[in-house]
$ cat upload-v6.cif   # mmCIF, C-alpha atoms and all ligand atoms
data_data
#
loop_
_atom_site.label_atom_id
_atom_site.label_comp_id
_atom_site.auth_asym_id
_atom_site.auth_seq_id
_atom_site.Cartn_x
_atom_site.Cartn_y
_atom_site.Cartn_z
CA MET L 13 -10.41 30.32 -87.26
CA SER L 14 -13.07 27.99 -86.06
CA THR L 15 -10.53 25.39 -85.12
CA ILE L 16 -8.83 25.68 -81.77
CA GLN L 17 -6.22 23.65 -80.05
CA LEU L 18 -5.99 23.71 -76.33
CA SER L 19 -3.29 22.66 -74.00
CA ARG L 20 -3.85 19.23 -72.56
CA THR L 21 -3.06 20.61 -69.16
CA SER L 22 -6.41 20.72 -67.48
CA THR L 23 -7.51 21.60 -64.01
CA ARG L 24 -10.54 19.34 -64.36
CA PRO L 25 -10.63 16.26 -62.16
CA ARG L 26 -9.21 13.19 -63.78
CA SER L 27 -12.39 11.32 -62.92
CA LEU L 28 -14.25 13.24 -65.61
CA VAL L 29 -11.86 11.98 -68.21
CA THR L 30 -12.18 8.50 -66.81
CA ALA L 31 -15.95 8.75 -67.01
CA ALA L 32 -15.65 9.79 -70.63
CA LEU L 33 -13.50 6.80 -71.37
CA LEU L 34 -16.01 4.46 -69.78
CA VAL L 35 -18.89 5.97 -71.70
CA THR L 36 -17.21 5.99 -75.07
CA ALA L 37 -15.32 2.74 -74.52
CA ALA L 38 -12.27 4.33 -76.13
CA ALA L 39 -10.03 7.29 -75.63
CA CYS L 40 -11.28 10.73 -76.66
CA GLY L 41 -8.73 13.48 -76.29
CA ASP L 42 -5.45 12.02 -75.23
CA ASP L 43 -5.23 8.99 -77.44
CA GLY L 44 -5.61 10.85 -80.71
CA HIS L 45 -2.93 13.28 -79.73
CA ASP L 46 -0.43 10.53 -79.08
CA HIS L 47 -0.92 9.20 -82.58
CA ALA L 48 -0.60 12.59 -84.23
CA HIS L 49 2.73 11.76 -85.79
CA ASP L 50 2.30 8.08 -86.44
CA HIS L 51 1.87 8.68 -90.12
CA THR L 52 5.33 9.79 -91.03
CA ASP L 53 6.26 11.73 -94.13
CA ALA L 54 7.14 9.58 -97.10
CA ALA L 55 10.36 11.56 -97.36
CA ALA L 56 11.38 10.35 -93.93
CA ALA L 57 9.91 6.86 -94.19
CA PRO L 58 12.41 4.04 -94.32
CA ASP L 59 10.22 2.06 -96.76
CA ALA L 60 12.26 1.47 -99.91
CA ASP L 61 9.18 1.32 -102.11
CA VAL L 62 8.00 4.81 -101.21
CA THR L 63 9.11 7.31 -103.80
CA PRO L 64 11.10 9.82 -101.75
CA ASP L 65 10.09 12.90 -103.73
CA ALA L 66 6.40 12.12 -104.03
CA PRO L 67 4.17 14.55 -102.14
CA ALA L 68 2.96 12.59 -99.14
CA ALA L 69 0.18 14.87 -98.03
CA ALA L 70 -2.90 16.40 -99.55
CA ALA L 71 -5.94 18.41 -98.52
CA LEU L 72 -8.97 16.72 -97.06
CA THR L 73 -12.22 18.65 -97.00
CA ILE L 74 -14.77 17.50 -94.47
CA ALA L 75 -18.28 18.49 -95.52
CA HIS L 76 -20.73 18.54 -92.62
CA ALA L 77 -24.07 17.55 -94.12
CA HIS L 78 -27.39 17.70 -92.30
CA LEU L 79 -30.10 15.31 -93.44
CA VAL L 80 -33.62 14.30 -92.55
CA ALA L 81 -34.81 10.97 -93.91
CA GLY L 82 -31.81 10.89 -96.24
CA ALA L 83 -32.33 14.28 -97.86
CA PRO L 84 -30.68 17.63 -97.06
CA VAL L 85 -32.65 19.44 -94.36
CA THR L 86 -34.62 22.53 -95.28
CA MET L 87 -34.69 24.93 -92.35
CA GLY L 88 -37.86 26.72 -91.37
CA THR L 89 -40.55 27.31 -88.78
CA ASN L 90 -42.88 24.86 -90.50
CA THR L 91 -43.09 21.17 -89.53
CA PRO L 92 -42.48 19.10 -92.68
CA TYR L 93 -40.79 16.09 -91.06
CA VAL L 94 -42.04 13.22 -88.94
CA ASN L 95 -40.04 11.50 -86.21
CA ALA L 96 -40.24 7.90 -85.01
CA ALA L 97 -42.92 8.80 -82.45
CA GLY L 98 -45.06 10.35 -85.17
CA ASP L 99 -44.42 13.99 -84.23
CA ALA L 100 -44.36 16.46 -87.11
CA PHE L 101 -41.31 18.66 -86.69
CA GLY L 102 -39.09 21.17 -88.44
CA VAL L 103 -35.66 22.67 -87.82
CA THR L 104 -34.76 26.32 -87.34
CA VAL L 105 -31.32 26.15 -85.72
CA LEU L 106 -28.50 23.64 -85.85
CA ARG L 107 -25.18 24.47 -84.22
CA TYR L 108 -22.74 22.03 -82.68
CA PHE L 109 -19.16 21.07 -81.98
CA VAL L 110 -17.22 18.05 -83.11
CA SER L 111 -13.78 17.46 -81.67
CA ASP L 112 -10.61 15.41 -81.88
CA LEU L 113 -10.93 13.97 -85.36
CA VAL L 114 -8.75 10.91 -86.08
CA LEU L 115 -8.26 9.29 -89.48
CA THR L 116 -7.21 5.66 -89.45
CA TYR L 117 -5.66 4.21 -92.60
CA THR L 118 -5.86 0.66 -93.89
CA ASP L 119 -2.21 0.18 -92.84
CA ASP L 120 -3.25 1.03 -89.25
CA THR L 121 -1.45 4.36 -89.20
CA GLN L 122 -3.38 7.34 -87.89
CA HIS L 123 -3.60 11.05 -88.46
CA ALA L 124 -5.05 13.10 -85.62
CA VAL L 125 -6.58 16.53 -85.82
CA PRO L 126 -6.98 17.59 -82.20
CA GLY L 127 -9.24 20.41 -81.12
CA ALA L 128 -12.80 21.52 -81.64
CA HIS L 129 -14.64 22.44 -84.81
CA TYR L 130 -17.83 24.49 -84.70
CA VAL L 131 -20.60 23.89 -87.23
CA ASP L 132 -23.58 26.14 -87.89
CA HIS L 133 -25.91 24.95 -90.60
CA ASP L 134 -26.63 28.57 -91.56
CA VAL L 135 -22.95 29.48 -92.00
CA ALA L 136 -21.66 27.63 -95.05
CA SER L 137 -18.01 28.20 -94.17
CA THR L 138 -18.43 26.18 -90.95
CA ARG L 139 -19.92 23.26 -92.88
CA SER L 140 -16.83 22.88 -95.04
CA ARG L 141 -13.64 22.25 -93.14
CA GLN L 142 -10.39 21.97 -95.06
CA LEU L 143 -7.61 20.00 -93.43
CA ASP L 144 -4.22 20.53 -95.02
CA GLY L 145 -1.24 18.24 -94.80
CA VAL L 146 -3.27 15.08 -94.48
CA PRO L 147 -1.29 11.94 -95.39
CA ARG L 148 -2.36 10.29 -98.61
CA GLY L 149 -3.64 6.76 -98.48
CA GLU L 150 -6.62 4.46 -98.14
CA LEU L 151 -8.79 5.17 -95.15
CA ALA L 152 -10.27 2.56 -92.87
CA SER L 153 -12.23 4.75 -90.47
CA VAL L 154 -12.97 8.25 -89.32
CA ARG L 155 -13.37 8.90 -85.63
CA PHE L 156 -14.44 12.02 -83.78
CA VAL L 157 -16.18 13.15 -80.65
CA MET L 158 -19.67 14.61 -80.90
CA GLY L 159 -19.58 17.64 -78.63
CA LEU L 160 -16.55 18.70 -76.66
CA THR L 161 -14.25 16.42 -74.73
CA PRO L 162 -13.91 17.36 -71.05
CA ALA L 163 -10.44 18.75 -71.79
CA LEU L 164 -11.90 21.13 -74.38
CA ASN L 165 -15.10 21.93 -72.50
CA VAL L 166 -13.74 24.58 -70.17
CA THR L 167 -15.52 27.88 -69.49
CA GLY L 168 -13.61 30.70 -71.15
CA ALA L 169 -11.82 28.50 -73.69
CA PHE L 170 -13.62 30.26 -76.53
CA THR L 171 -13.16 34.01 -76.38
CA ALA L 172 -14.94 35.07 -79.57
CA PRO L 173 -18.23 34.42 -81.31
CA PRO L 174 -19.66 32.26 -82.68
CA GLU L 175 -18.07 29.58 -80.47
CA SER L 176 -18.32 31.70 -77.31
CA LEU L 177 -22.08 32.01 -77.89
CA MET L 178 -22.38 28.28 -77.25
CA GLU L 179 -21.69 28.95 -73.58
CA TRP L 180 -23.37 26.61 -71.08
CA PRO L 181 -24.47 28.27 -67.82
CA VAL L 182 -21.84 28.09 -65.10
CA MET L 183 -24.59 27.24 -62.62
CA MET L 184 -25.27 24.12 -64.69
CA GLY L 185 -21.64 23.11 -64.79
CA GLY L 186 -20.17 25.60 -67.25
CA GLY L 187 -18.35 24.92 -70.47
CA TYR L 188 -20.25 25.02 -73.74
CA HIS L 189 -23.27 23.48 -75.41
CA TYR L 190 -22.38 20.48 -77.53
CA MET L 191 -25.38 21.20 -79.70
CA LYS L 192 -28.27 23.56 -80.21
CA PHE L 193 -30.88 21.80 -82.32
CA GLU L 194 -34.09 23.80 -82.41
CA GLY L 195 -37.32 24.02 -84.30
CA ARG L 196 -41.03 23.56 -83.93
CA TYR L 197 -43.12 20.47 -83.57
CA LEU L 198 -46.84 19.87 -83.44
CA ASN L 199 -47.75 18.86 -79.91
CA GLU L 200 -50.50 16.47 -78.90
CA ALA L 201 -52.99 19.33 -79.08
CA GLY L 202 -51.90 19.88 -82.69
CA ALA L 203 -50.34 23.23 -81.87
CA PRO L 204 -46.82 24.30 -82.92
CA PHE L 205 -44.46 24.26 -79.94
CA ALA L 206 -40.87 25.49 -80.02
CA TYR L 207 -38.38 22.83 -78.98
CA ARG L 208 -34.80 23.52 -77.99
CA CYS L 209 -32.86 20.30 -78.02
CA HIS L 210 -29.71 21.50 -76.29
CA SER L 211 -27.02 19.10 -75.20
CA GLY L 212 -23.95 19.60 -73.07
CA ALA L 213 -22.13 18.50 -69.95
CA LEU L 214 -24.57 18.91 -67.08
CA SER L 215 -23.27 19.50 -63.55
CA GLY L 216 -19.86 18.16 -64.48
CA ILE L 217 -21.15 14.99 -66.11
CA ASP L 218 -19.75 14.50 -69.61
CA TYR L 219 -22.27 13.43 -72.25
CA SER L 220 -20.00 13.79 -75.27
CA PHE L 221 -19.48 10.57 -77.18
CA GLU L 222 -17.16 9.06 -79.71
CA VAL L 223 -18.33 8.30 -83.23
CA VAL L 224 -16.45 5.83 -85.43
CA LEU L 225 -17.47 5.62 -89.09
CA ASP L 226 -16.33 3.00 -91.56
CA ALA L 227 -14.38 4.81 -94.27
CA THR L 228 -13.68 1.80 -96.49
CA GLY L 229 -13.42 2.95 -100.09
CA HIS L 230 -12.34 6.49 -99.22
CA THR L 231 -8.86 7.31 -100.47
CA ILE L 232 -6.93 10.52 -100.03
CA GLY L 233 -5.12 10.95 -103.32
CA ALA L 234 -2.67 13.50 -104.67
CA ASP L 235 -5.43 15.98 -105.48
CA GLY L 236 -7.06 15.63 -102.09
CA THR L 237 -10.60 14.57 -101.51
CA THR L 238 -13.88 15.56 -99.92
CA MET L 239 -15.64 13.42 -97.39
CA ALA L 240 -19.14 14.09 -96.08
CA ILE L 241 -19.93 13.52 -92.42
CA GLU L 242 -23.71 13.33 -92.34
CA MET L 243 -25.82 14.12 -89.27
CA ASN L 244 -29.19 12.41 -89.71
CA LEU L 245 -31.30 14.71 -87.59
CA GLU L 246 -34.35 12.51 -86.99
CA GLU L 247 -32.03 9.91 -85.44
CA TRP L 248 -31.61 12.10 -82.35
CA PHE L 249 -35.25 11.19 -81.65
CA THR L 250 -35.07 7.56 -82.76
CA GLY L 251 -33.57 4.36 -81.32
CA PRO L 252 -32.67 3.15 -78.85
CA ASN L 253 -34.84 5.81 -77.21
CA VAL L 254 -37.89 6.98 -79.14
CA TRP L 255 -38.54 10.60 -78.27
CA ASP L 256 -42.17 11.68 -78.16
CA LEU L 257 -41.39 15.39 -78.22
CA ASP L 258 -44.45 16.06 -76.03
CA ASP L 259 -42.59 14.33 -73.18
CA TYR L 260 -39.52 16.56 -73.44
CA PHE L 261 -40.75 19.94 -74.63
CA ASN L 262 -43.95 21.23 -73.09
CA ALA L 263 -45.17 24.14 -71.01
CA SER L 264 -44.04 22.61 -67.72
CA HIS L 265 -40.76 21.20 -69.12
CA PRO L 266 -39.70 23.75 -71.73
CA GLY L 267 -36.13 22.54 -72.11
CA ILE L 268 -33.80 19.65 -71.43
CA MET L 269 -30.61 21.39 -70.35
CA GLY L 270 -31.22 20.54 -66.70
CA ASP L 271 -32.53 17.04 -67.42
CA ALA L 272 -29.76 14.49 -66.91
CA ALA L 273 -31.93 11.61 -68.15
CA ALA L 274 -32.63 13.49 -71.37
CA GLN L 275 -28.92 14.23 -71.85
CA ARG L 276 -28.11 10.56 -71.35
CA SER L 277 -30.89 9.56 -73.73
CA LEU L 278 -29.61 11.88 -76.46
CA GLN L 279 -26.11 10.52 -75.96
CA GLU L 280 -27.43 6.98 -76.45
CA ASN L 281 -29.41 7.94 -79.55
CA GLY L 282 -26.30 9.64 -80.91
CA ALA L 283 -24.83 6.26 -81.80
CA GLY L 284 -27.10 6.15 -84.86
CA VAL L 285 -26.98 9.80 -85.85
CA PHE L 286 -23.90 9.96 -88.07
CA THR L 287 -23.08 8.36 -91.39
CA LEU L 288 -20.27 8.90 -93.87
CA GLY L 289 -21.27 9.92 -97.39
CA ALA L 290 -20.44 7.51 -100.20
CA PRO L 291 -16.92 7.93 -101.65
CU CU L 301 -29.15 25.64 -74.00
#
$ encode --input "upload-v6.cif" --output "C-alpha cells"
Amino acid sequence: MSTIQLSRTSTRPRSLVTAALLVTAAACGDDGHDHAHDHTDAAAAPDADVTPDAPAAAALTIAHAHLVAGAPVTMGTNTPYVNAAGDAFGVTVLRYFVSDLVLTYTDDTQHAVPGAHYVDHDVASTRSRQLDGVPRGELASVRFVMGLTPALNVTGAFTAPPESLMEWPVMMGGGYHYMKFEGRYLNEAGAPFAYRCHSGALSGIDYSFEVVLDATGHTIGADGTTMAIEMNLEEWFTGPNVWDLDDYFNASHPGIMGDAAAQRSLQENGAGVFTLGAP
C-alpha cells in the first residue's frame, strides 16, 4: 500500500526531467521502466542450459536501516551523536521517499521496480519492503532515487496518509518532501535547538538524486533474500559539505525548505549517505 505507480504521462516541463538527468548523470524514471522486462522468465528464455521448470523468481526484502556512526539510530529528544562539525545532535523524526529501484545482475540484465516507497523510521512496516517476483541471480548493483523523481513529485499524487502528509507547500513549488529528518542539536550557546532538515524540490528545481550501490556478493536464491539499504544519518552533515548546524538552524533561519543552497548542499552530501549491508 505504500508503493505507488504513476503514469509516465506528466504535465511537467521536459526541462525538469532534463535537469534531473544532468544532476544525476544517469536516467531516473524513464530508463528503469524501459528495462522492466529485460530479465525474462526462465520458462520463456531460449537458453538451453536454463531448466525450464525451475522457479525463476523469488522474494526480495529490502530492509531500510538507519544508522549513526555505524550503529542503529536510537530516536529521542536528547543529543547523543556528534557530527563532523562537532555539533551534538539527536534524531526525533525520519521520514523519506525512495523511488524507481533498479536491480542490475552480473549478466547485465535488470529488474526495475518503478514508483515511490515511503519510509518512516517509527513505522516498522515501512522499513521492510517485500518485492515479489524478483528474478533469481547474482546482483551487481542496486540503484534508486533518493526522494521523488520529477515524474512522481506531483501535487495530489498521494491521496492518503502517511504519504500525503509529506506534502510540500504549493507556494514553494508543490509536490512532496523527499525527507523530513528532525531532531535537536546543541547550538553554539550550548542550548538545545530543534532542527528540521527537510528536503524537496524547491520552486520547481529537482534536488532528488540517484544512488548506485555495489551489490557484489548479493545473490537472490530460490528462498529469496534480504538486503539492507543503510542510511548513515550523520553523512547528511558530512562531506563534501560540512554542516555546522548553527549555520542552518537558528532563530533567524529556522528551516531550510526555502534555501536553495541548502537543498543543493544536502543533495551533494547525499552521495555518501547510503551503503548496502553485507550479504
Ligand atoms: Cu518541510
$ residues_near_ligand --input "upload-v6.cif" --ligand "ligand CU 301 (chain L)" --cutoff "12 Å" --atoms "all atoms listed in the file" --output "ChimeraX atom specification"
/L:105,107-108,177-182,184,186-194,207-214,266-271,275
$ closest_residue --input "upload-v6.cif" --among "L:Ala100, L:Ala152, L:Val254, L:Leu288" --to "L:Ala274" --atoms "all atoms listed in the file"
L:Val254
$ residues_around --input "upload-v6.cif" --residues "L:Thr250" --least-positions-apart "2" --cutoff "10 Å" --atoms "only C-alpha atoms" --output "number ranges by chain"
L: 95-97, 245-248, 252-256, 278, 280-282, 284-285
$ closest_residue --input "upload-v6.cif" --among "L:Ala75, L:Leu143, L:Val114, L:Leu198" --to "L:Phe101" --atoms "all atoms listed in the file"
L:Leu198
$ closest_residue --input "upload-v6.cif" --among "L:Asn244, L:Asn165, L:Asn199, L:Ser264" --to "L:Phe109" --atoms "all atoms listed in the file"
L:Asn165
$ atom_distance --input "upload-v6.cif" --atom1 "atom CA of L:Gly229" --atom2 "atom CA of L:Ala70"
17.1 Å
